[in-house]
file my_file.cif (mmCIF, C-alpha atoms)
data_work
#
loop_
_atom_site.label_atom_id
_atom_site.label_comp_id
_atom_site.auth_asym_id
_atom_site.auth_seq_id
_atom_site.Cartn_x
_atom_site.Cartn_y
_atom_site.Cartn_z
CA MET A 5 -1.23 -10.54 -4.88
CA THR A 6 -0.17 -13.52 -2.78
CA GLU A 7 -2.10 -16.66 -2.12
CA CYS A 8 -3.00 -15.34 1.35
CA ASP A 9 -4.66 -12.09 0.32
CA LYS A 10 -7.84 -11.64 2.35
CA VAL A 11 -8.52 -9.72 5.52
CA TYR A 12 -11.37 -10.85 7.76
CA PHE A 13 -13.34 -8.80 10.30
CA LEU A 14 -15.64 -10.20 12.97
CA SER A 15 -16.96 -9.11 16.34
CA ASP A 16 -19.28 -9.93 19.22
CA LEU A 17 -18.63 -13.64 19.55
CA HIS A 18 -19.49 -13.40 23.28
CA LEU A 19 -17.80 -16.71 23.96
CA GLY A 20 -18.60 -18.02 27.42
CA ALA A 21 -21.86 -16.09 27.71
CA PRO A 22 -24.29 -17.83 30.08
CA TYR A 23 -27.16 -17.24 27.65
CA LEU A 24 -25.50 -19.36 24.95
CA ALA A 25 -27.31 -22.71 25.00
CA GLU A 26 -24.21 -24.67 23.95
CA SER A 27 -21.13 -22.71 24.97
CA LYS A 28 -18.59 -25.26 23.74
CA GLU A 29 -20.47 -25.69 20.47
CA ALA A 30 -20.30 -21.92 19.97
CA GLU A 31 -16.55 -22.08 20.53
CA ARG A 32 -16.16 -25.00 18.13
CA ARG A 33 -18.11 -23.07 15.48
CA VAL A 34 -15.68 -20.15 15.70
CA VAL A 35 -12.67 -22.47 15.64
CA ALA A 36 -14.03 -24.23 12.52
CA PHE A 37 -14.46 -20.86 10.83
CA LEU A 38 -10.91 -19.80 11.71
CA GLU A 39 -9.57 -23.08 10.37
CA HIS A 40 -11.53 -22.56 7.15
CA ILE A 41 -10.18 -19.06 6.49
CA ARG A 42 -6.55 -19.86 7.31
CA GLN A 43 -6.08 -20.92 3.68
CA ASP A 44 -6.39 -17.36 2.39
CA ALA A 45 -6.24 -15.08 5.46
CA LYS A 46 -3.56 -12.42 5.55
CA GLU A 47 -5.01 -10.68 8.60
CA ILE A 48 -7.85 -11.26 11.06
CA TRP A 49 -9.45 -8.38 12.96
CA LEU A 50 -11.49 -9.11 16.09
CA LEU A 51 -13.54 -6.01 16.88
CA GLY A 52 -14.45 -6.53 20.49
CA ASP A 53 -16.73 -8.52 22.79
CA ILE A 54 -14.97 -11.64 21.59
CA LEU A 55 -15.32 -13.01 25.12
CA ASP A 56 -18.42 -12.27 27.15
CA TYR A 57 -16.20 -11.71 30.20
CA TRP A 58 -12.46 -11.79 30.73
CA PHE A 59 -10.31 -10.56 33.57
CA GLU A 60 -6.61 -11.36 33.57
CA TYR A 61 -4.88 -12.13 36.84
CA ARG A 62 -1.14 -11.86 37.32
CA TYR A 63 -0.31 -15.53 37.74
CA VAL A 64 -3.40 -17.52 36.77
CA VAL A 65 -5.59 -17.82 33.68
CA PRO A 66 -9.40 -17.94 33.85
CA ARG A 67 -10.87 -21.28 32.80
CA GLY A 68 -12.31 -21.89 29.35
CA PHE A 69 -11.61 -20.83 25.74
CA VAL A 70 -8.83 -23.42 25.30
CA ARG A 71 -9.85 -24.36 21.74
CA PHE A 72 -10.27 -20.74 20.69
CA PHE A 73 -7.03 -19.52 22.24
CA GLY A 74 -5.16 -22.48 20.82
CA LYS A 75 -6.42 -21.72 17.31
CA LEU A 76 -5.47 -18.03 17.61
CA ALA A 77 -1.97 -19.00 18.72
CA GLU A 78 -1.68 -21.52 15.88
CA LEU A 79 -2.75 -18.97 13.26
CA SER A 80 -0.51 -16.28 14.71
CA ASP A 81 2.47 -18.67 14.73
CA SER A 82 1.78 -19.48 11.08
CA GLY A 83 2.23 -15.82 10.13
CA ILE A 84 -1.37 -14.56 10.06
CA LYS A 85 -1.57 -11.17 11.77
CA ILE A 86 -4.35 -11.01 14.35
CA THR A 87 -5.54 -7.76 15.92
CA TRP A 88 -8.02 -7.63 18.79
CA ILE A 89 -9.82 -4.35 19.52
CA ILE A 90 -11.13 -4.36 23.08
CA GLY A 91 -14.91 -4.15 23.50
CA ASN A 92 -17.08 -3.39 26.49
CA HIS A 93 -17.21 -7.03 27.63
CA ASP A 94 -13.53 -7.98 27.21
CA ILE A 95 -12.09 -4.77 28.68
CA TRP A 96 -9.60 -6.33 31.03
CA ILE A 97 -7.06 -7.74 28.62
CA PHE A 98 -3.60 -6.89 29.91
CA ASP A 99 -0.52 -8.88 28.83
CA TYR A 100 -1.53 -12.56 28.70
CA ILE A 101 -3.34 -12.58 25.35
CA PRO A 102 -0.79 -10.45 23.47
CA ASN A 103 2.22 -12.26 24.94
CA GLU A 104 0.94 -15.83 24.85
CA LEU A 105 -1.12 -15.74 21.65
CA GLY A 106 0.88 -13.24 19.61
CA VAL A 107 -2.15 -11.01 19.14
CA GLU A 108 -1.97 -7.23 18.86
CA VAL A 109 -4.42 -5.67 21.32
CA ILE A 110 -5.86 -2.17 20.82
CA ASP A 111 -8.02 -0.26 23.30
CA GLY A 112 -9.93 2.43 21.42
CA THR A 113 -10.10 3.46 17.77
CA VAL A 114 -7.54 2.71 15.08
CA SER A 115 -6.90 4.05 11.57
CA ARG A 116 -4.89 1.78 9.34
CA GLU A 117 -4.18 1.16 5.67
CA ILE A 118 -5.08 -2.38 4.65
CA LEU A 119 -4.53 -3.73 1.14
CA GLY A 120 -4.40 -0.21 -0.28
CA LYS A 121 -7.55 1.13 1.44
CA LYS A 122 -7.89 3.28 4.55
CA PHE A 123 -9.84 1.75 7.44
CA TYR A 124 -11.17 3.31 10.63
CA MET A 125 -12.16 0.71 13.22
CA ALA A 126 -13.50 0.49 16.76
CA HIS A 127 -15.75 -1.77 18.78
CA GLY A 128 -18.44 0.90 18.65
CA ASP A 129 -19.16 1.79 22.26
CA GLY A 130 -18.13 5.13 23.74
CA LEU A 131 -17.85 6.96 20.41
CA GLY A 132 -19.06 10.53 20.11
CA LYS A 133 -21.37 11.98 22.75
CA THR A 134 -22.40 9.50 25.45
CA SER A 135 -24.46 9.72 28.63
CA TRP A 136 -22.81 10.73 31.91
CA ASN A 137 -23.58 7.39 33.56
CA PHE A 138 -21.96 5.51 30.67
CA ARG A 139 -18.85 7.69 30.96
CA LEU A 140 -18.76 7.11 34.72
CA ILE A 141 -18.99 3.32 34.44
CA ARG A 142 -16.45 3.29 31.62
CA SER A 143 -13.96 5.36 33.65
CA VAL A 144 -14.35 3.07 36.68
CA PHE A 145 -13.85 -0.06 34.58
CA ARG A 146 -10.63 1.38 33.12
CA ASN A 147 -9.29 2.83 36.36
CA ARG A 148 -6.07 1.06 37.41
CA LEU A 149 -6.81 1.32 41.15
CA ALA A 150 -10.33 -0.07 40.64
CA GLN A 151 -8.87 -2.92 38.58
CA ARG A 152 -6.36 -3.77 41.33
CA LEU A 153 -9.07 -3.75 43.97
CA PHE A 154 -11.30 -5.94 41.80
CA SER A 155 -8.47 -8.41 41.23
CA GLY A 156 -8.19 -8.85 45.00
CA ILE A 157 -11.71 -10.30 45.22
CA HIS A 158 -11.87 -14.07 44.78
CA PRO A 159 -13.09 -15.12 41.30
CA ARG A 160 -15.81 -17.27 42.89
CA TRP A 161 -17.58 -13.97 43.54
CA THR A 162 -16.49 -11.78 40.63
CA VAL A 163 -17.14 -14.21 37.77
CA PRO A 164 -20.81 -14.97 38.62
CA PHE A 165 -21.36 -11.26 39.23
CA ALA A 166 -19.87 -10.36 35.83
CA TYR A 167 -21.96 -12.92 33.95
CA ALA A 168 -25.12 -11.80 35.76
CA TRP A 169 -24.33 -8.20 34.78
CA SER A 170 -23.75 -9.29 31.18
CA GLY A 171 -27.06 -11.15 30.99
CA SER A 172 -28.95 -8.20 32.42
CA SER A 173 -27.22 -5.77 30.09
CA ARG A 174 -28.07 -7.91 27.05
CA LYS A 175 -31.76 -8.07 27.96
CA GLN A 176 -31.90 -4.30 28.32
CA GLY A 177 -30.03 -3.84 25.06
CA GLU A 178 -32.34 -6.17 23.14
CA ALA A 179 -35.30 -4.16 24.39
CA ARG A 180 -33.77 -0.92 23.09
CA LYS A 181 -32.38 -2.09 19.75
CA PRO A 182 -34.27 -2.77 16.53
CA GLY A 183 -34.95 -6.27 15.25
CA LEU A 184 -31.94 -8.14 14.00
CA LYS A 185 -30.96 -7.21 10.45
CA THR A 186 -29.81 -10.21 8.43
CA ASN A 187 -29.41 -8.22 5.22
CA PRO A 188 -26.44 -5.84 5.49
CA TYR A 189 -27.69 -3.74 2.58
CA ASP A 190 -30.76 -2.70 4.57
CA SER A 191 -30.36 0.48 6.57
CA ALA A 192 -31.76 0.52 10.10
CA SER A 193 -33.62 3.52 11.41
CA SER A 194 -32.15 2.86 14.84
CA PRO A 195 -30.71 5.87 16.69
CA PHE A 196 -27.78 3.65 17.67
CA VAL A 197 -26.91 2.99 14.03
CA GLU A 198 -27.46 6.63 13.13
CA HIS A 199 -25.22 7.66 16.00
CA LEU A 200 -22.34 5.64 14.53
CA ALA A 201 -23.07 7.00 11.04
CA ASP A 202 -23.05 10.59 12.34
CA TYR A 203 -19.86 9.94 14.28
CA SER A 204 -18.22 8.53 11.15
CA ARG A 205 -19.19 11.58 9.11
CA GLU A 206 -17.57 13.78 11.75
CA VAL A 207 -14.37 11.74 11.50
CA LEU A 208 -14.43 12.19 7.72
CA LYS A 209 -14.15 15.96 8.19
CA THR A 210 -10.61 15.51 9.51
CA GLN A 211 -9.76 12.19 7.80
CA PRO A 212 -11.41 12.39 4.35
CA ASP A 213 -9.27 9.59 2.93
CA ILE A 214 -11.05 6.84 4.90
CA ASP A 215 -12.71 4.20 2.72
CA PHE A 216 -14.28 1.93 5.35
CA PHE A 217 -15.57 2.44 8.87
CA ILE A 218 -15.99 -0.89 10.64
CA TYR A 219 -17.73 -1.38 13.98
CA GLY A 220 -19.30 -4.10 16.10
CA HIS A 221 -21.26 -3.72 19.34
CA LEU A 222 -24.80 -3.25 17.99
CA HIS A 223 -25.45 -6.91 17.03
CA VAL A 224 -26.85 -5.93 13.64
CA ALA A 225 -25.25 -6.62 10.27
CA ILE A 226 -25.42 -3.44 8.23
CA ARG A 227 -23.63 -1.91 5.27
CA GLU A 228 -24.31 1.75 4.58
CA LYS A 229 -22.90 4.35 2.19
CA LEU A 230 -21.75 7.50 3.97
CA THR A 231 -20.36 9.34 0.94
CA ASP A 232 -19.50 8.46 -2.65
CA LYS A 233 -16.22 7.09 -1.29
CA ALA A 234 -16.78 5.97 2.30
CA GLU A 235 -18.86 3.09 3.66
CA MET A 236 -19.82 2.01 7.17
CA LEU A 237 -20.08 -1.65 8.11
CA ILE A 238 -21.51 -2.99 11.36
CA LEU A 239 -20.44 -6.60 11.64
CA GLY A 240 -23.35 -8.28 13.40
CA GLU A 241 -22.74 -11.05 15.95
CA TRP A 242 -22.06 -14.76 16.49
CA ILE A 243 -25.04 -15.57 18.66
CA ARG A 244 -27.61 -16.07 15.88
CA THR A 245 -26.37 -14.79 12.50
CA PHE A 246 -22.61 -15.59 12.62
CA SER A 247 -21.78 -12.71 10.28
CA PHE A 248 -18.44 -11.19 9.26
CA ALA A 249 -16.79 -9.09 6.56
CA ALA A 250 -13.99 -10.03 4.17
CA PHE A 251 -11.84 -7.75 2.01
CA ASP A 252 -9.48 -8.86 -0.77
CA GLY A 253 -8.10 -5.48 -1.81
CA LYS A 254 -10.79 -4.94 -4.45
CA GLU A 255 -14.11 -6.03 -3.04
CA MET A 256 -15.63 -5.87 0.43
CA LYS A 257 -18.15 -8.62 1.20
CA MET A 258 -20.40 -9.27 4.15
CA CYS A 259 -21.01 -12.95 4.75
CA ARG A 260 -22.35 -15.56 7.16
CA TRP A 261 -20.85 -18.79 8.44
CA HIS A 262 -23.51 -21.48 8.11
CA ASP A 263 -23.19 -25.27 8.11
CA ASN A 264 -19.40 -25.00 7.90
CA GLN A 265 -19.44 -22.87 4.80
CA VAL A 266 -19.33 -19.17 3.88
CA ILE A 267 -22.57 -17.71 2.55
CA ASN A 268 -22.62 -14.25 0.97
CA PHE A 269 -25.38 -11.89 1.96
CA ALA A 270 -27.73 -11.30 -0.98
#
call {"tool": "encode", "arguments": {"input": "my_file.cif", "output": "structure tokens"}}
result
Amino acid sequence: MTECDKVYFLSDLHLGAPYLAESKEAERRVVAFLEHIRQDAKEIWLLGDILDYWFEYRYVVPRGFVRFFGKLAELSDSGIKITWIIGNHDIWIFDYIPNELGVEVIDGTVSREILGKKFYMAHGDGLGKTSWNFRLIRSVFRNRLAQRLFSGIHPRWTVPFAYAWSGSSRKQGEARKPGLKTNPYDSASSPFVEHLADYSREVLKTQPDIDFFIYGHLHVAIREKLTDKAEMLILGEWIRTFSFAAFDGKEMKMCRWHDNQVINFA
């Protein structure tokens, strides 16, 4: 085991979100965390909705996120592998982030062996059976022609529209979801959590060697046993709880970043 032997997983930072009271402070908090873990990080996995909105243009870069992007590039250049799984808010990552920051970008699910264990990871949206309207919106958002047409509209119109959509979507989501779970060892009786658990059990029928299923999206921090071997982790968010998971090859921990230090969940 080398000195840099941990793998970190976090999701749903929603950097740039208009409902964050102090947007730059939120960015600084993430950057401080990344600087803290660089001492022992072998890999960092970002499981979607890292940015509340992002649309890449061919020749220009949207404003903001300079500290965060700079830290990712610095860590990547130092040899830490960073993988970004696209969420439902940061869909439109094309070539800028992978080429400029040295980050691997994945759209969809991924199965990978990490430190001797088998992981199955996704942001968490669009898995299993979904409603027809969700599938329609998702297909439009990922349609190349629709993306080209959208890119032709001036950002002075598209950016405010996107943030307004995000704020509305979050309010609706908060109304549907259960109260925030700050203890990952508590199970939630939410149908959204159960949906991911049921989906994971279906995956296990064809991939029984998976040890950990890791998702974001639901903004709850949960750790749940699926079988004697397999566990499901939902990573929480960085709006209120600042939660993440860390794996060292032997033990998986769910933690919080609080007052510039790591705190293990009880």
call {"tool": "atom_distance", "arguments": {"input": "my_file.cif", "atom1": "atom CA of Lys85 of chain A", "atom2": "atom CA of Leu237 of chain A"}}
result
21.1 Å
call {"tool": "atom_distance", "arguments": {"input": "my_file.cif", "atom1": "atom CA of Ile214 of chain A", "atom2": "atom CA of Met256 of chain A"}}
result
14.2 Å
call {"tool": "resolve_selection", "arguments": {"input": "my_file.cif", "expression": "the PyMOL selection byres ((chain A and resi 42) around 12)", "output": "PyMOL selection string"}}
result
chain A and resi 7-12+35-41+43-48+75-76+78-86
call {"tool": "write_last_selection", "arguments": {"input": "my_file.cif", "atoms": "C-alpha atoms", "output": "compact mmCIF listing (two decimals), in the frame of the given file"}}
result
# COMPACT_ATOMS: atom_id res chain seq x y z
CA GLU A 7 -2.10 -16.66 -2.12
CA CYS A 8 -3.00 -15.34 1.35
CA ASP A 9 -4.66 -12.09 0.32
CA LYS A 10 -7.84 -11.64 2.35
CA VAL A 11 -8.52 -9.72 5.52
CA TYR A 12 -11.37 -10.85 7.76
CA VAL A 35 -12.67 -22.47 15.64
CA ALA A 36 -14.03 -24.23 12.52
CA PHE A 37 -14.46 -20.86 10.83
CA LEU A 38 -10.91 -19.80 11.71
CA GLU A 39 -9.57 -23.08 10.37
CA HIS A 40 -11.53 -22.56 7.15
CA ILE A 41 -10.18 -19.06 6.49
CA GLN A 43 -6.08 -20.92 3.68
CA ASP A 44 -6.39 -17.36 2.39
CA ALA A 45 -6.24 -15.08 5.46
CA LYS A 46 -3.56 -12.42 5.55
CA GLU A 47 -5.01 -10.68 8.60
CA ILE A 48 -7.85 -11.26 11.06
CA LYS A 75 -6.42 -21.72 17.31
CA LEU A 76 -5.47 -18.03 17.61
CA GLU A 78 -1.68 -21.52 15.88
CA LEU A 79 -2.75 -18.97 13.26
CA SER A 80 -0.51 -16.28 14.71
CA ASP A 81 2.47 -18.67 14.73
CA SER A 82 1.78 -19.48 11.08
CA GLY A 83 2.23 -15.82 10.13
CA ILE A 84 -1.37 -14.56 10.06
CA LYS A 85 -1.57 -11.17 11.77
CA ILE A 86 -4.35 -11.01 14.35
call {"tool": "resolve_selection", "arguments": {"input": "my_file.cif", "expression": "the PyMOL selection byres ((chain A and resi 133-140) around 12)", "output": "PyMOL selection string"}}
result
chain A and resi 92+128-132+141-147+196+199-200+202-203+206
call {"tool": "write_last_selection", "arguments": {"input": "my_file.cif", "atoms": "C-alpha atoms", "output": "short mmCIF file (atom, residue, chain, number, x, y, z; two decimals), in the coordinates of the input"}}
result
data_model
loop_
_atom_site.label_atom_id
_atom_site.label_comp_id
_atom_site.auth_asym_id
_atom_site.auth_seq_id
_atom_site.Cartn_x
_atom_site.Cartn_y
_atom_site.Cartn_z
CA ASN A 92 -17.08 -3.39 26.49
CA GLY A 128 -18.44 0.90 18.65
CA ASP A 129 -19.16 1.79 22.26
CA GLY A 130 -18.13 5.13 23.74
CA LEU A 131 -17.85 6.96 20.41
CA GLY A 132 -19.06 10.53 20.11
CA ILE A 141 -18.99 3.32 34.44
CA ARG A 142 -16.45 3.29 31.62
CA SER A 143 -13.96 5.36 33.65
CA VAL A 144 -14.35 3.07 36.68
CA PHE A 145 -13.85 -0.06 34.58
CA ARG A 146 -10.63 1.38 33.12
CA ASN A 147 -9.29 2.83 36.36
CA PHE A 196 -27.78 3.65 17.67
CA HIS A 199 -25.22 7.66 16.00
CA LEU A 200 -22.34 5.64 14.53
CA ASP A 202 -23.05 10.59 12.34
CA TYR A 203 -19.86 9.94 14.28
CA GLU A 206 -17.57 13.78 11.75
#
call {"tool": "resolve_selection", "arguments": {"input": "my_file.cif", "expression": "the PyMOL selection byres ((chain A and resi 222) around 8)", "output": "short mmCIF file (atom, residue, chain, number, x, y, z; two decimals) with C-alpha atoms, in the coordinates of the input"}}
result
data_model
loop_
_atom_site.label_atom_id
_atom_site.label_comp_id
_atom_site.auth_asym_id
_atom_site.auth_seq_id
_atom_site.Cartn_x
_atom_site.Cartn_y
_atom_site.Cartn_z
CA GLY A 128 -18.44 0.90 18.65
CA LYS A 181 -32.38 -2.09 19.75
CA PHE A 196 -27.78 3.65 17.67
CA VAL A 197 -26.91 2.99 14.03
CA GLY A 220 -19.30 -4.10 16.10
CA HIS A 221 -21.26 -3.72 19.34
CA HIS A 223 -25.45 -6.91 17.03
CA VAL A 224 -26.85 -5.93 13.64
CA ILE A 238 -21.51 -2.99 11.36
CA GLY A 240 -23.35 -8.28 13.40
#
call {"tool": "closest_atom_pairs", "arguments": {"input": "my_file.cif", "of": "segment 77-103 of chain A", "to": "segment 18-32 of chain A", "cutoff": "12 Å", "atoms": "all atoms listed in the file", "output": "tab-separated table"}}
result
residue	atom	partner	partner_atom	distance
A:Gly91	CA	A:His18	CA	10.3
A:Asn92	CA	A:His18	CA	10.8
A:His93	CA	A:His18	CA	8.0
A:Asp94	CA	A:His18	CA	9.0
call {"tool": "closest_residue", "arguments": {"input": "my_file.cif", "among": "A:Arg148, A:Lys229, A:Arg67, A:Lys121", "to": "Arg160 of chain A", "atoms": "all atoms listed in the file"}}
result
A:Arg67
call {"tool": "atom_distance", "arguments": {"input": "my_file.cif", "atom1": "atom CA of Ile218 of chain A", "atom2": "atom CA of Met125 of chain A"}}
result
4.9 Å
call {"tool": "closest_residue", "arguments": {"input": "my_file.cif", "among": "A:Phe269, A:Trp261, A:Phe73, A:Tyr61", "to": "Ile226 of chain A", "atoms": "all atoms listed in the file"}}
result
A:Phe269
call {"tool": "decode", "arguments": {"input": "my_file.cif", "residues": "segment 125-136 of chain A", "atoms": "all heavy atoms", "output": "mmCIF file, in the first residue's frame"}}
result
data_model
loop_
_atom_site.group_PDB
_atom_site.id
_atom_site.type_symbol
_atom_site.label_atom_id
_atom_site.label_comp_id
_atom_site.auth_asym_id
_atom_site.auth_seq_id
_atom_site.Cartn_x
_atom_site.Cartn_y
_atom_site.Cartn_z
ATOM 1 N N MET A 125 -21.188 2.478 -10.260
ATOM 2 C CA MET A 125 -21.453 3.871 -9.924
ATOM 3 C C MET A 125 -22.251 4.577 -11.004
ATOM 4 O O MET A 125 -22.130 4.283 -12.193
ATOM 5 C CB MET A 125 -20.130 4.606 -9.692
ATOM 6 C CG MET A 125 -19.392 4.144 -8.440
ATOM 7 S SD MET A 125 -17.736 4.860 -8.293
ATOM 8 C CE MET A 125 -16.847 3.894 -9.517
ATOM 9 N N ALA A 126 -23.069 5.521 -10.569
ATOM 10 C CA ALA A 126 -23.844 6.376 -11.464
ATOM 11 C C ALA A 126 -24.292 7.586 -10.663
ATOM 12 O O ALA A 126 -24.261 7.570 -9.427
ATOM 13 C CB ALA A 126 -25.051 5.635 -12.022
ATOM 14 N N HIS A 127 -24.732 8.620 -11.371
ATOM 15 C CA HIS A 127 -25.279 9.767 -10.634
ATOM 16 C C HIS A 127 -26.530 9.337 -9.876
ATOM 17 O O HIS A 127 -26.693 9.666 -8.707
ATOM 18 C CB HIS A 127 -25.591 10.911 -11.583
ATOM 19 C CG HIS A 127 -26.243 12.068 -10.893
ATOM 20 N ND1 HIS A 127 -25.642 12.755 -9.850
ATOM 21 C CD2 HIS A 127 -27.468 12.648 -11.060
ATOM 22 C CE1 HIS A 127 -26.449 13.697 -9.419
ATOM 23 N NE2 HIS A 127 -27.574 13.667 -10.127
ATOM 24 N N GLY A 128 -27.416 8.602 -10.546
ATOM 25 C CA GLY A 128 -28.602 8.098 -9.865
ATOM 26 C C GLY A 128 -29.902 8.427 -10.552
ATOM 27 O O GLY A 128 -30.945 7.850 -10.243
ATOM 28 N N ASP A 129 -29.882 9.349 -11.513
ATOM 29 C CA ASP A 129 -31.093 9.657 -12.254
ATOM 30 C C ASP A 129 -31.192 8.739 -13.477
ATOM 31 O O ASP A 129 -30.195 8.275 -14.000
ATOM 32 C CB ASP A 129 -31.104 11.120 -12.709
ATOM 33 C CG ASP A 129 -30.004 11.413 -13.717
ATOM 34 O OD1 ASP A 129 -28.864 10.935 -13.503
ATOM 35 O OD2 ASP A 129 -30.271 12.108 -14.718
ATOM 36 N N GLY A 130 -32.392 8.463 -13.910
ATOM 37 C CA GLY A 130 -32.580 7.708 -15.142
ATOM 38 C C GLY A 130 -32.281 6.228 -15.048
ATOM 39 O O GLY A 130 -32.156 5.562 -16.082
ATOM 40 N N LEU A 131 -32.171 5.681 -13.851
ATOM 41 C CA LEU A 131 -31.883 4.260 -13.689
ATOM 42 C C LEU A 131 -33.177 3.473 -13.521
ATOM 43 O O LEU A 131 -34.080 3.903 -12.803
ATOM 44 C CB LEU A 131 -30.968 4.031 -12.486
ATOM 45 C CG LEU A 131 -29.619 4.747 -12.514
ATOM 46 C CD1 LEU A 131 -28.840 4.449 -11.239
ATOM 47 C CD2 LEU A 131 -28.802 4.344 -13.734
ATOM 48 N N GLY A 132 -33.247 2.321 -14.157
ATOM 49 C CA GLY A 132 -34.446 1.500 -14.047
ATOM 50 C C GLY A 132 -35.613 2.130 -14.788
ATOM 51 O O GLY A 132 -35.446 2.901 -15.738
ATOM 52 N N LYS A 133 -36.829 1.823 -14.345
ATOM 53 C CA LYS A 133 -38.028 2.349 -14.982
ATOM 54 C C LYS A 133 -38.243 3.806 -14.560
ATOM 55 O O LYS A 133 -38.205 4.142 -13.386
ATOM 56 C CB LYS A 133 -39.246 1.516 -14.589
ATOM 57 C CG LYS A 133 -39.216 0.088 -15.146
ATOM 58 C CD LYS A 133 -40.473 -0.672 -14.754
ATOM 59 C CE LYS A 133 -40.437 -2.089 -15.320
ATOM 60 N NZ LYS A 133 -41.654 -2.859 -14.964
ATOM 61 N N THR A 134 -38.477 4.659 -15.555
ATOM 62 C CA THR A 134 -38.719 6.080 -15.298
ATOM 63 C C THR A 134 -39.967 6.514 -16.053
ATOM 64 O O THR A 134 -40.428 5.835 -16.971
ATOM 65 C CB THR A 134 -37.524 6.941 -15.743
ATOM 66 O OG1 THR A 134 -37.244 6.678 -17.135
ATOM 67 C CG2 THR A 134 -36.276 6.625 -14.925
ATOM 68 N N SER A 135 -40.502 7.663 -15.680
ATOM 69 C CA SER A 135 -41.719 8.172 -16.308
ATOM 70 C C SER A 135 -41.447 8.601 -17.745
ATOM 71 O O SER A 135 -40.316 8.948 -18.103
ATOM 72 C CB SER A 135 -42.273 9.343 -15.506
ATOM 73 O OG SER A 135 -41.355 10.424 -15.511
ATOM 74 N N TRP A 136 -42.486 8.628 -18.561
ATOM 75 C CA TRP A 136 -42.332 8.986 -19.970
ATOM 76 C C TRP A 136 -41.868 10.427 -20.133
ATOM 77 O O TRP A 136 -41.063 10.732 -21.024
ATOM 78 C CB TRP A 136 -43.644 8.765 -20.722
ATOM 79 C CG TRP A 136 -44.734 9.731 -20.332
ATOM 80 C CD1 TRP A 136 -45.677 9.585 -19.380
ATOM 81 C CD2 TRP A 136 -44.942 11.037 -20.912
ATOM 82 N NE1 TRP A 136 -46.484 10.703 -19.307
ATOM 83 C CE2 TRP A 136 -46.065 11.611 -20.238
ATOM 84 C CE3 TRP A 136 -44.312 11.771 -21.916
ATOM 85 C CZ2 TRP A 136 -46.544 12.878 -20.546
ATOM 86 C CZ3 TRP A 136 -44.800 13.035 -22.224
ATOM 87 C CH2 TRP A 136 -45.904 13.578 -21.543
#
